[in-house]
file my_file.txt (compact mmCIF, C-alpha atoms and all ligand atoms)
# COMPACT_ATOMS: atom_id res chain seq x y z
CA MET F 164 0.00 0.00 0.00
CA ARG F 165 1.20 3.47 -0.94
CA VAL F 166 1.22 6.16 1.77
CA LYS F 167 1.01 9.89 1.19
CA VAL F 168 1.17 12.72 3.69
CA GLN F 169 0.19 16.23 2.73
CA ASN F 170 1.20 19.26 4.82
CA LEU F 171 1.15 17.01 7.87
CA THR F 172 1.58 19.00 11.08
CA LYS F 173 1.37 18.17 14.77
CA ARG F 174 1.64 20.79 17.45
CA PHE F 175 1.72 20.24 21.21
CA GLY F 176 1.13 23.76 22.53
CA GLU F 177 4.23 25.74 21.61
CA VAL F 178 6.11 22.74 20.23
CA THR F 179 5.73 21.83 16.56
CA ALA F 180 6.62 18.14 16.67
CA VAL F 181 5.97 17.55 12.94
CA ASP F 182 6.10 20.60 10.70
CA ASN F 183 4.24 20.78 7.40
CA LEU F 184 5.52 17.51 6.02
CA THR F 185 4.63 16.41 2.49
CA ALA F 186 5.88 13.13 1.04
CA GLU F 187 4.82 10.03 -0.83
CA PHE F 188 5.98 6.54 0.21
CA GLU F 189 6.07 3.78 -2.38
CA SER F 190 4.23 0.53 -1.74
CA GLY F 191 6.15 -2.45 -0.37
CA LYS F 192 9.21 -0.49 0.73
CA LEU F 193 10.98 -0.20 4.05
CA ILE F 194 11.27 3.44 5.05
CA ALA F 195 13.45 4.51 7.96
CA LEU F 196 12.32 7.54 9.95
CA LEU F 197 15.62 8.84 11.22
CA GLY F 198 16.74 11.78 13.31
CA PRO F 199 17.98 12.89 16.71
CA SER F 200 15.90 12.51 19.86
CA GLY F 201 12.83 14.75 19.87
CA CYS F 202 12.79 15.38 16.10
CA GLY F 203 9.25 14.01 15.72
CA LYS F 204 9.71 10.38 14.62
CA THR F 205 7.30 8.81 17.11
CA THR F 206 4.80 11.62 16.56
CA MET F 207 4.90 10.94 12.83
CA LEU F 208 4.42 7.20 13.37
CA ASN F 209 1.54 7.74 15.79
CA MET F 210 -0.25 9.96 13.31
CA LEU F 211 0.11 7.27 10.65
CA SER F 212 -1.34 4.68 13.03
CA GLY F 213 -4.21 6.94 14.09
CA ILE F 214 -3.29 6.93 17.79
CA LEU F 215 -2.58 10.66 17.56
CA PRO F 216 -4.93 13.09 15.79
CA VAL F 217 -3.26 15.48 13.34
CA THR F 218 -3.25 19.25 13.90
CA GLU F 219 -3.22 20.03 10.19
CA GLY F 220 -2.81 18.20 6.93
CA GLN F 221 -3.90 14.86 5.52
CA ILE F 222 -2.84 11.22 5.38
CA PHE F 223 -3.71 8.99 2.43
CA PHE F 224 -3.49 5.20 2.21
CA ASP F 225 -3.43 4.57 -1.53
CA ASP F 226 -5.92 7.19 -2.64
CA LYS F 227 -8.11 7.02 0.44
CA ASP F 228 -8.05 9.86 2.92
CA VAL F 229 -7.64 8.16 6.34
CA THR F 230 -6.88 11.33 8.33
CA ASP F 231 -9.98 11.00 10.51
CA LEU F 232 -10.11 7.18 10.73
CA THR F 233 -9.62 5.54 14.15
CA PRO F 234 -6.66 3.13 14.54
CA ASP F 235 -8.83 -0.01 14.31
CA LYS F 236 -10.11 1.08 10.87
CA ARG F 237 -6.63 1.73 9.45
CA GLU F 238 -5.38 -1.87 9.35
CA VAL F 239 -1.90 -1.11 10.65
CA GLY F 240 0.41 -3.34 12.68
CA LEU F 241 2.37 -1.58 15.41
CA VAL F 242 5.45 -2.69 17.31
CA PHE F 243 6.63 -0.50 20.17
CA GLN F 244 10.03 -0.24 21.72
CA ASN F 245 9.08 -2.41 24.71
CA TYR F 246 7.11 -5.00 22.63
CA ALA F 247 4.19 -4.91 25.15
CA LEU F 248 3.45 -8.65 24.97
CA TYR F 249 0.71 -9.97 27.26
CA PRO F 250 2.71 -11.59 30.09
CA HIS F 251 0.05 -14.12 31.18
CA MET F 252 -0.46 -15.46 27.65
CA THR F 253 1.70 -17.98 25.81
CA VAL F 254 3.46 -17.06 22.57
CA LEU F 255 0.69 -18.73 20.58
CA GLU F 256 -2.03 -16.88 22.50
CA ASN F 257 -0.19 -13.59 22.07
CA ILE F 258 0.00 -13.99 18.31
CA CYS F 259 -3.63 -15.20 18.12
CA PHE F 260 -4.95 -12.30 20.15
CA PRO F 261 -5.56 -9.73 17.35
CA LEU F 262 -7.50 -12.42 15.45
CA LYS F 263 -9.55 -13.29 18.52
CA ILE F 264 -10.56 -9.60 18.74
CA LYS F 265 -11.57 -9.79 15.08
CA LYS F 266 -13.64 -12.89 15.93
CA VAL F 267 -11.76 -15.19 13.58
CA PRO F 268 -12.76 -18.84 14.29
CA LYS F 269 -10.37 -20.63 16.66
CA ALA F 270 -8.98 -23.28 14.29
CA GLU F 271 -8.29 -20.66 11.66
CA ARG F 272 -6.56 -18.27 14.01
CA ILE F 273 -4.28 -21.00 15.36
CA GLU F 274 -3.34 -21.99 11.87
CA LYS F 275 -2.60 -18.38 10.93
CA ALA F 276 -0.63 -17.74 14.12
CA LYS F 277 1.53 -20.81 13.45
CA GLU F 278 2.21 -19.64 9.93
CA PHE F 279 3.54 -16.29 11.20
CA ALA F 280 5.42 -17.90 14.10
CA LYS F 281 7.23 -19.89 11.44
CA MET F 282 7.98 -16.80 9.36
CA VAL F 283 9.69 -15.11 12.31
CA HIS F 284 11.40 -18.36 13.43
CA ILE F 285 9.76 -18.82 16.83
CA GLU F 286 7.65 -21.89 16.06
CA GLU F 287 9.54 -23.89 18.73
CA TYR F 288 8.41 -21.57 21.52
CA LEU F 289 4.66 -21.46 21.01
CA ASN F 290 3.85 -22.69 24.54
CA ARG F 291 6.24 -20.44 26.41
CA LYS F 292 5.36 -17.27 28.26
CA PRO F 293 7.10 -14.02 27.21
CA LYS F 294 9.33 -13.99 30.32
CA GLU F 295 10.76 -17.34 29.23
CA LEU F 296 12.06 -15.79 26.00
CA SER F 297 15.13 -13.71 25.15
CA GLY F 298 14.71 -10.08 24.07
CA GLY F 299 15.18 -10.97 20.42
CA GLN F 300 12.62 -13.79 20.63
CA GLN F 301 10.10 -11.50 22.35
CA GLN F 302 10.62 -8.98 19.64
CA ARG F 303 9.87 -11.57 16.97
CA VAL F 304 6.65 -12.50 18.77
CA ALA F 305 5.68 -8.81 18.74
CA ILE F 306 6.33 -8.65 15.00
CA ALA F 307 4.36 -11.85 14.34
CA ARG F 308 1.49 -10.43 16.39
CA ALA F 309 1.57 -7.23 14.35
CA LEU F 310 1.68 -9.11 11.02
CA VAL F 311 -0.96 -11.77 11.75
CA LYS F 312 -3.85 -9.37 11.09
CA ASN F 313 -2.47 -8.92 7.60
CA PRO F 314 -1.91 -5.18 8.04
CA LYS F 315 -1.54 -2.83 5.12
CA LEU F 316 1.16 -0.99 6.98
CA LEU F 317 3.72 -2.09 9.56
CA LEU F 318 4.96 0.57 11.97
CA LEU F 319 8.02 -0.19 14.12
CA ASP F 320 9.13 2.33 16.74
CA GLU F 321 12.76 1.67 17.73
CA PRO F 322 12.04 -2.06 17.99
CA LEU F 323 15.70 -2.97 18.56
CA SER F 324 16.67 -0.48 21.24
CA ASN F 325 16.47 -3.00 24.09
CA LEU F 326 18.83 -5.47 22.48
CA ASP F 327 22.59 -5.81 22.74
CA ALA F 328 24.75 -4.79 19.78
CA LYS F 329 25.16 -8.25 18.23
CA LEU F 330 21.49 -9.16 18.52
CA ARG F 331 20.51 -5.78 17.10
CA VAL F 332 22.41 -6.53 13.92
CA GLU F 333 20.92 -10.03 13.67
CA MET F 334 17.40 -8.78 14.32
CA ARG F 335 17.56 -5.96 11.83
CA GLU F 336 18.48 -8.48 9.16
CA GLU F 337 15.53 -10.59 10.32
CA ILE F 338 13.19 -7.62 10.06
CA ARG F 339 14.46 -6.94 6.57
CA ARG F 340 13.83 -10.56 5.58
CA ILE F 341 10.36 -10.65 7.12
CA GLN F 342 9.48 -7.36 5.46
CA ARG F 343 10.64 -8.62 2.05
CA GLU F 344 8.73 -11.89 2.47
CA SER F 345 5.52 -10.23 3.57
CA GLY F 346 5.85 -7.31 1.14
CA VAL F 347 4.18 -4.97 3.61
CA THR F 348 5.00 -1.24 3.47
CA THR F 349 7.00 -0.63 6.64
CA PHE F 350 8.10 2.42 8.62
CA PHE F 351 11.02 1.80 10.93
CA VAL F 352 11.89 4.46 13.48
CA THR F 353 15.48 4.74 14.66
CA HIS F 354 17.95 7.41 15.72
CA ASP F 355 20.87 5.22 14.63
CA GLN F 356 22.04 6.23 11.15
CA GLU F 357 24.02 3.05 10.67
CA GLU F 358 20.95 0.92 11.46
CA ALA F 359 18.76 3.01 9.14
CA SER F 360 21.29 2.75 6.32
CA ALA F 361 21.63 -1.02 6.72
CA ILE F 362 17.95 -1.84 6.69
CA SER F 363 16.01 0.63 4.56
CA ASP F 364 15.09 1.35 0.94
CA TYR F 365 14.40 4.99 1.76
CA ILE F 366 15.34 7.26 4.61
CA MET F 367 13.46 10.28 5.83
CA LEU F 368 15.81 12.31 7.96
CA MET F 369 14.15 14.81 10.29
CA LYS F 370 15.31 17.65 12.52
CA LEU F 371 13.03 19.59 14.88
CA GLY F 372 9.91 18.35 13.09
CA GLU F 373 11.17 19.28 9.65
CA MET F 374 12.09 16.92 6.89
CA GLN F 375 15.73 17.40 5.89
CA GLN F 376 15.90 14.83 3.12
CA PHE F 377 13.70 12.00 1.93
CA ASP F 378 15.50 9.90 -0.59
CA LYS F 379 16.87 6.50 -1.54
CA THR F 380 19.09 5.40 1.32
CA ARG F 381 22.41 5.66 -0.54
CA ASN F 382 21.59 9.17 -1.78
CA LEU F 383 21.72 10.59 1.73
CA TYR F 384 25.37 9.52 1.85
CA ASN F 385 26.32 10.30 -1.75
CA GLN F 386 24.17 13.38 -2.33
CA PRO F 387 23.32 15.00 1.02
CA ALA F 388 20.81 17.84 0.64
CA ASN F 389 22.39 20.01 3.31
CA LEU F 390 25.11 20.11 5.97
CA PHE F 391 22.88 18.55 8.64
CA VAL F 392 22.33 15.46 6.45
CA ALA F 393 26.01 15.27 5.49
CA ASP F 394 26.98 15.41 9.15
CA PHE F 395 24.32 12.97 10.41
CA ILE F 396 24.94 10.18 7.90
CA GLY F 397 28.19 8.23 7.67
CA SER F 398 30.91 6.89 9.90
CA PRO F 399 33.46 8.34 10.47
CA THR F 400 31.60 11.65 10.49
CA ILE F 401 32.19 13.73 7.37
CA ASN F 402 35.21 16.07 7.53
CA GLN F 403 34.30 19.74 7.83
CA LEU F 404 36.66 22.61 7.10
CA HIS F 405 35.23 26.06 7.73
CA GLY F 406 36.61 29.03 5.86
CA ILE F 407 36.20 31.74 3.26
CA TYR F 408 35.65 31.20 -0.43
CA THR F 409 38.26 33.20 -2.28
CA GLU F 410 40.20 33.11 -5.57
CA GLY F 411 38.29 30.02 -6.70
CA GLY F 412 39.13 28.01 -3.60
CA ILE F 413 38.65 27.74 0.15
CA LYS F 414 40.91 29.47 2.63
CA VAL F 415 40.46 27.40 5.77
CA ASP F 416 40.38 29.29 9.10
CA GLY F 417 43.82 29.35 10.71
CA ASP F 418 45.62 28.37 7.50
CA ASN F 419 47.05 30.31 4.56
CA GLN F 420 46.58 27.84 1.73
CA ILE F 421 43.77 28.19 -0.77
CA ILE F 422 42.32 24.75 -1.30
CA LYS F 423 41.15 23.99 -4.82
CA THR F 424 39.19 20.80 -5.40
CA ASN F 425 38.00 19.14 -8.60
CA ASN F 426 34.46 20.45 -8.10
CA LYS F 427 33.03 23.44 -9.94
CA TRP F 428 30.93 25.48 -7.54
CA GLN F 429 29.61 28.96 -8.23
CA VAL F 430 30.30 30.87 -5.03
CA GLU F 431 30.42 34.58 -4.35
CA GLU F 432 33.89 35.81 -3.37
CA GLY F 433 34.20 36.20 0.41
CA SER F 434 31.35 33.82 1.36
CA ARG F 435 31.66 31.82 4.58
CA VAL F 436 31.56 28.14 3.58
CA VAL F 437 32.10 24.61 4.88
CA LEU F 438 34.12 22.23 2.73
CA ALA F 439 32.89 18.75 3.66
CA SER F 440 34.59 15.55 2.56
CA ARG F 441 34.14 11.86 3.23
CA ALA F 442 37.26 10.17 4.65
CA GLU F 443 37.53 8.04 1.51
CA ALA F 444 37.58 11.19 -0.66
CA ILE F 445 40.99 12.19 0.72
CA THR F 446 43.92 11.16 -1.48
CA PHE F 447 47.63 10.80 -0.67
CA ASN F 448 49.24 10.86 -4.10
CA ASP F 449 52.67 12.24 -5.02
CA LYS F 450 51.20 15.22 -6.88
CA ASP F 451 48.86 16.16 -4.00
CA ASP F 452 49.89 19.54 -2.63
CA ILE F 453 47.61 20.49 0.25
CA LYS F 454 49.77 20.62 3.37
CA THR F 455 48.57 18.95 6.58
CA LYS F 456 50.12 17.56 9.76
CA VAL F 457 49.54 14.10 11.28
CA VAL F 458 47.90 14.38 14.72
CA GLU F 459 46.94 10.77 15.34
CA TYR F 460 46.45 7.51 13.48
CA TYR F 461 44.62 4.24 14.03
CA LEU F 462 45.43 0.99 12.28
CA SER F 463 42.36 -0.62 10.79
CA GLY F 464 43.06 -3.58 8.53
CA LYS F 465 44.73 -2.74 5.23
CA ASP F 466 44.24 0.99 5.80
CA THR F 467 45.29 3.40 8.48
CA LEU F 468 42.74 5.98 9.55
CA VAL F 469 44.82 9.10 9.87
CA ASN F 470 43.78 12.25 11.69
CA LEU F 471 45.29 15.36 10.12
CA LYS F 472 45.43 19.00 11.12
CA ILE F 473 44.78 21.77 8.67
CA GLY F 474 44.37 25.28 10.07
CA SER F 475 41.97 25.14 13.02
CA TYR F 476 40.39 21.87 11.92
CA ASN F 477 40.92 18.15 11.86
CA LEU F 478 40.38 15.92 8.89
CA ARG F 479 40.36 12.16 8.57
CA GLY F 480 41.43 10.01 5.68
CA TYR F 481 42.42 6.42 4.91
CA ILE F 482 46.02 5.85 3.98
CA ASP F 483 47.65 2.62 2.88
CA ALA F 484 48.85 0.84 6.03
CA THR F 485 52.19 -0.01 4.41
CA LYS F 486 53.07 3.70 4.32
CA ALA F 487 55.03 4.55 7.46
CA ILE F 488 53.74 7.64 9.26
CA LYS F 489 54.21 9.13 12.67
CA ILE F 490 52.63 11.87 14.73
CA GLY F 491 53.88 15.31 13.70
CA ASP F 492 54.73 14.30 10.09
CA ASN F 493 53.89 16.71 7.31
CA LEU F 494 51.59 14.95 4.87
CA ASN F 495 50.23 16.30 1.59
CA ILE F 496 46.70 15.47 0.58
CA GLY F 497 44.27 15.99 -2.27
CA PHE F 498 40.52 15.61 -2.74
CA LYS F 499 38.60 13.35 -5.10
CA LYS F 500 35.63 14.84 -6.91
CA GLU F 501 33.12 12.37 -5.44
CA GLY F 502 32.30 12.65 -1.75
CA VAL F 503 33.31 16.33 -1.57
CA PHE F 504 30.63 18.94 -0.93
CA LEU F 505 30.40 22.66 -0.24
CA PHE F 506 27.83 24.23 2.08
CA ASP F 507 26.89 27.73 3.16
CA GLU F 508 28.22 28.03 6.71
CA LEU F 509 25.23 29.96 8.03
CA THR F 510 22.28 28.17 6.39
CA GLY F 511 23.88 24.76 5.79
CA GLU F 512 22.53 24.84 2.24
CA ARG F 513 24.49 23.00 -0.38
CA TYR F 514 26.22 24.56 -3.38
CA TYR F 515 25.52 22.29 -6.31
CA GLU F 516 27.86 21.93 -9.26
N1 LIG O 601 2.20 14.38 24.29
C1 LIG O 601 3.07 15.38 24.12
N2 LIG O 601 2.91 16.58 24.70
C2 LIG O 601 3.79 17.59 24.52
N3 LIG O 601 4.89 17.50 23.75
C3 LIG O 601 5.13 16.31 23.15
C4 LIG O 601 4.24 15.19 23.30
N4 LIG O 601 4.74 14.15 22.58
C5 LIG O 601 5.89 14.62 22.01
N5 LIG O 601 6.12 15.90 22.35
C6 LIG O 601 7.24 16.74 21.88
O1 LIG O 601 7.29 16.68 20.49
C7 LIG O 601 8.62 16.56 19.99
C8 LIG O 601 8.77 15.31 19.17
O2 LIG O 601 8.64 14.18 20.02
P1 LIG O 601 8.75 12.67 19.48
O3 LIG O 601 8.40 11.75 20.59
O4 LIG O 601 7.98 12.55 18.22
O5 LIG O 601 10.32 12.60 19.16
P2 LIG O 601 11.20 11.34 18.66
O6 LIG O 601 11.87 11.78 17.40
O7 LIG O 601 10.38 10.11 18.61
O8 LIG O 601 12.32 11.27 19.80
P3 LIG O 601 13.04 9.97 20.49
O9 LIG O 601 14.13 9.56 19.55
O10 LIG O 601 13.60 10.56 21.75
O11 LIG O 601 12.00 8.92 20.72
C9 LIG O 601 9.50 16.64 21.22
O12 LIG O 601 9.93 17.96 21.38
C10 LIG O 601 8.58 16.21 22.34
O13 LIG O 601 8.97 16.78 23.56
MG MG O 602 10.41 8.32 19.73

call {"tool": "encode", "arguments": {"input": "my_file.txt", "output": "structure tokens"}}
result
Amino acid sequence: MRVKVQNLTKRFGEVTAVDNLTAEFESGKLIALLGPSGCGKTTMLNMLSGILPVTEGQIFFDDKDVTDLTPDKREVGLVFQNYALYPHMTVLENICFPLKIKKVPKAERIEKAKEFAKMVHIEEYLNRKPKELSGGQQQRVAIARALVKNPKLLLLDEPLSNLDAKLRVEMREEIRRIQRESGVTTFFVTHDQEEASAISDYIMLMKLGEMQQFDKTRNLYNQPANLFVADFIGSPTINQLHGIYTEGGIKVDGDNQIIKTNNKWQVEEGSRVVLASRAEAITFNDKDDIKTKVVEYYLSGKDTLVNLKIGSYNLRGYIDATKAIKIGDNLNIGFKKEGVFLFDELTGERYYE
């Protein structure tokens, strides 16, 4: 099912939790709602589910306006952060419960519940109570319970936040598999950019209720719409050199060189800018002539992650581990064309080529 939101807004008194958001979400995709704490992710999800009435704007499921429909009429499956399984019921009873409410005959609901238990790989635990399961198993029960009603939309609010790091990675792959198998349009809320990037087809990145970028997942990394997106996505964090645009290059604060890259930006002389570059966009070739100093380095496999000083800023790049370096060395660098961006320092807006 396709989802569309039109000028969607939610205000709590003075706070605008979701601000005039318009977007269309393709059917059958996994969309990550990403952003720092308090940016409006849960509010957005709760408006989609119908738990929270909207202040302004509309929500469409396919072409149907569902803005004023109650949650039970929207056919959505919800999984909260704490799973909220019924503690006195077995796994089987938990999964059957939504069907019982819908008055599905007993034999049929058991059959259906078993089918979904199998899909999420918990068919061995049908007679256990939730407290006899691990966090990851409980989470799978919660997903099976959300899917058993055959929802048109699956909404997951930080479903992995209670799990340890290793289980988180396993479970996100499970969620991806289950989502692909069921084909249900899914919204997955997280504040972890790495998790969002690993699991989703699309990411909507939000800040203070406003959409920063909604795009195919890889585009947020390769083509960030503004400095906030560039900074939020990617590990290590994108390098940022602040300075003045002059003589067709960037004079970084605290440094006298004018850095010229392979990009062709149209910038007014004297503008305050941020030159942002992915670590992998830094080169260390013989002809490279931008002077930096080694501050620190970390061995990581075949590459060394090297931390360099240029003017008042630090910059990280990957250098071949066979190249001997030490702290305090002078090291010349260059920039590739890809993975290098220029932003207005004040507004964070991107200069496009
Ligand atoms: N019921 C409410 N009453 C008043 N303000 C609220 C209410 N619910 C949320 N807010 C405010 O709205 C903003 C968005 O909150 P929301 O819960 O959607 O953020 P979030 O992105 O899910 O954050 P987190 O990652 O911490 O869960 C916050 O500033 C929050 O304080
Ligand atoms: Mg939240």

call {"tool": "atom_distance", "arguments": {"input": "my_file.txt", "atom1": "CA of Leu310 (chain F)", "atom2": "CA of Phe350 (chain F)"}}
result
13.4 Å

call {"tool": "closest_residue", "arguments": {"input": "my_file.txt", "among": "F:Ile264, F:Ile362, F:Val436, F:Leu215", "to": "ligand LIG 601 (chain O)", "atoms": "all atoms listed in the file"}}
result
F:Leu215

call {"tool": "residues_near_ligand", "arguments": {"input": "my_file.txt", "ligand": "ligand MG 602 (chain O)", "cutoff": "7 Å", "atoms": "all atoms listed in the file", "output": "PyMOL selection string"}}
result
chain F and resi 200-201+204-205+320

call {"tool": "residues_around", "arguments": {"input": "my_file.txt", "residues": "Pro387 (chain F)", "least_positions_apart": "3", "cutoff": "9 Å", "atoms": "only C-alpha atoms", "output": "list in words"}}
result
Gln376, Asn382, Leu383, Tyr384, Leu390, Phe391, Val392, Ala393, Asp394, Ile396, Phe504 and Arg513 of chain F

call {"tool": "residues_near_ligand", "arguments": {"input": "my_file.txt", "ligand": "ligand LIG 601 (chain O)", "cutoff": "9 Å", "atoms": "all atoms listed in the file", "output": "PyMOL selection string"}}
result
chain F and resi 173-181+196-209+320-321+352-354+369-372

call {"tool": "atom_distance", "arguments": {"input": "my_file.txt", "atom1": "CA of Asp452 (chain F)", "atom2": "CA of Lys486 (chain F)"}}
result
17.6 Å

call {"tool": "atom_distance", "arguments": {"input": "my_file.txt", "atom1": "CA of Arg303 (chain F)", "atom2": "CA of Val283 (chain F)"}}
result
5.9 Å

call {"tool": "residues_around", "arguments": {"input": "my_file.txt", "residues": "Val239 (chain F)", "least_positions_apart": "3", "cutoff": "10 Å", "atoms": "only C-alpha atoms", "output": "PyMOL selection string"}}
result
chain F and resi 211-213+234-236+309-310+312-318+348-349

call {"tool": "closest_residue", "arguments": {"input": "my_file.txt", "among": "F:Phe506, F:Tyr288, F:Gln221, F:Ala195", "to": "Arg335 (chain F)", "atoms": "only C-alpha atoms"}}
result
F:Ala195

call {"tool": "residues_around", "arguments": {"input": "my_file.txt", "residues": "Thr409 (chain F)", "least_positions_apart": "6", "cutoff": "8 Å", "atoms": "all atoms listed in the file", "output": "PyMOL selection string"}}
result
chain F and resi 421+432-434

call {"tool": "closest_residue", "arguments": {"input": "my_file.txt", "among": "F:Ile194, F:Asn425, F:Glu286, F:Gln302", "to": "Ser360 (chain F)", "atoms": "only C-alpha atoms"}}
result
F:Ile194

call {"tool": "closest_residue", "arguments": {"input": "my_file.txt", "among": "F:Leu368, F:Ile488, F:Ile214, F:Ile413", "to": "Phe395 (chain F)", "atoms": "all atoms listed in the file"}}
result
F:Leu368

call {"tool": "residues_around", "arguments": {"input": "my_file.txt", "residues": "region 468-485 of chain F", "least_positions_apart": "5", "cutoff": "7 Å", "atoms": "all atoms listed in the file", "output": "list in words"}}
result
Asn402, Leu404, Val415, Asp416, Gly417, Asp418, Ala442, Glu443, Ile445, Phe447, Thr455, Lys456, Val457, Val458, Glu459, Tyr460, Tyr461, Leu462 and Ser463 of chain F

call {"tool": "residues_around", "arguments": {"input": "my_file.txt", "residues": "Asn325 (chain F)", "least_positions_apart": "6", "cutoff": "8 Å", "atoms": "all atoms listed in the file", "output": "VMD selection string"}}
result
chain F and resid 244 to 245 298

call {"tool": "closest_atom_pairs", "arguments": {"input": "my_file.txt", "of": "region 354-411 of chain F", "to": "region 190-193 of chain F", "cutoff": "8 Å", "atoms": "only C-alpha atoms", "output": "Markdown table"}}
result
| residue | atom | partner | partner_atom | distance |
| --- | --- | --- | --- | --- |
| F:Ile362 | CA | F:Leu193 | CA | 7.6 |
| F:Ser363 | CA | F:Leu193 | CA | 5.1 |
| F:Asp364 | CA | F:Leu193 | CA | 5.4 |
| F:Tyr365 | CA | F:Leu193 | CA | 6.6 |

call {"tool": "closest_residue", "arguments": {"input": "my_file.txt", "among": "F:Gly240, F:Ala305, F:Asp507, F:Glu358", "to": "Ser324 (chain F)", "atoms": "only C-alpha atoms"}}
result
F:Glu358
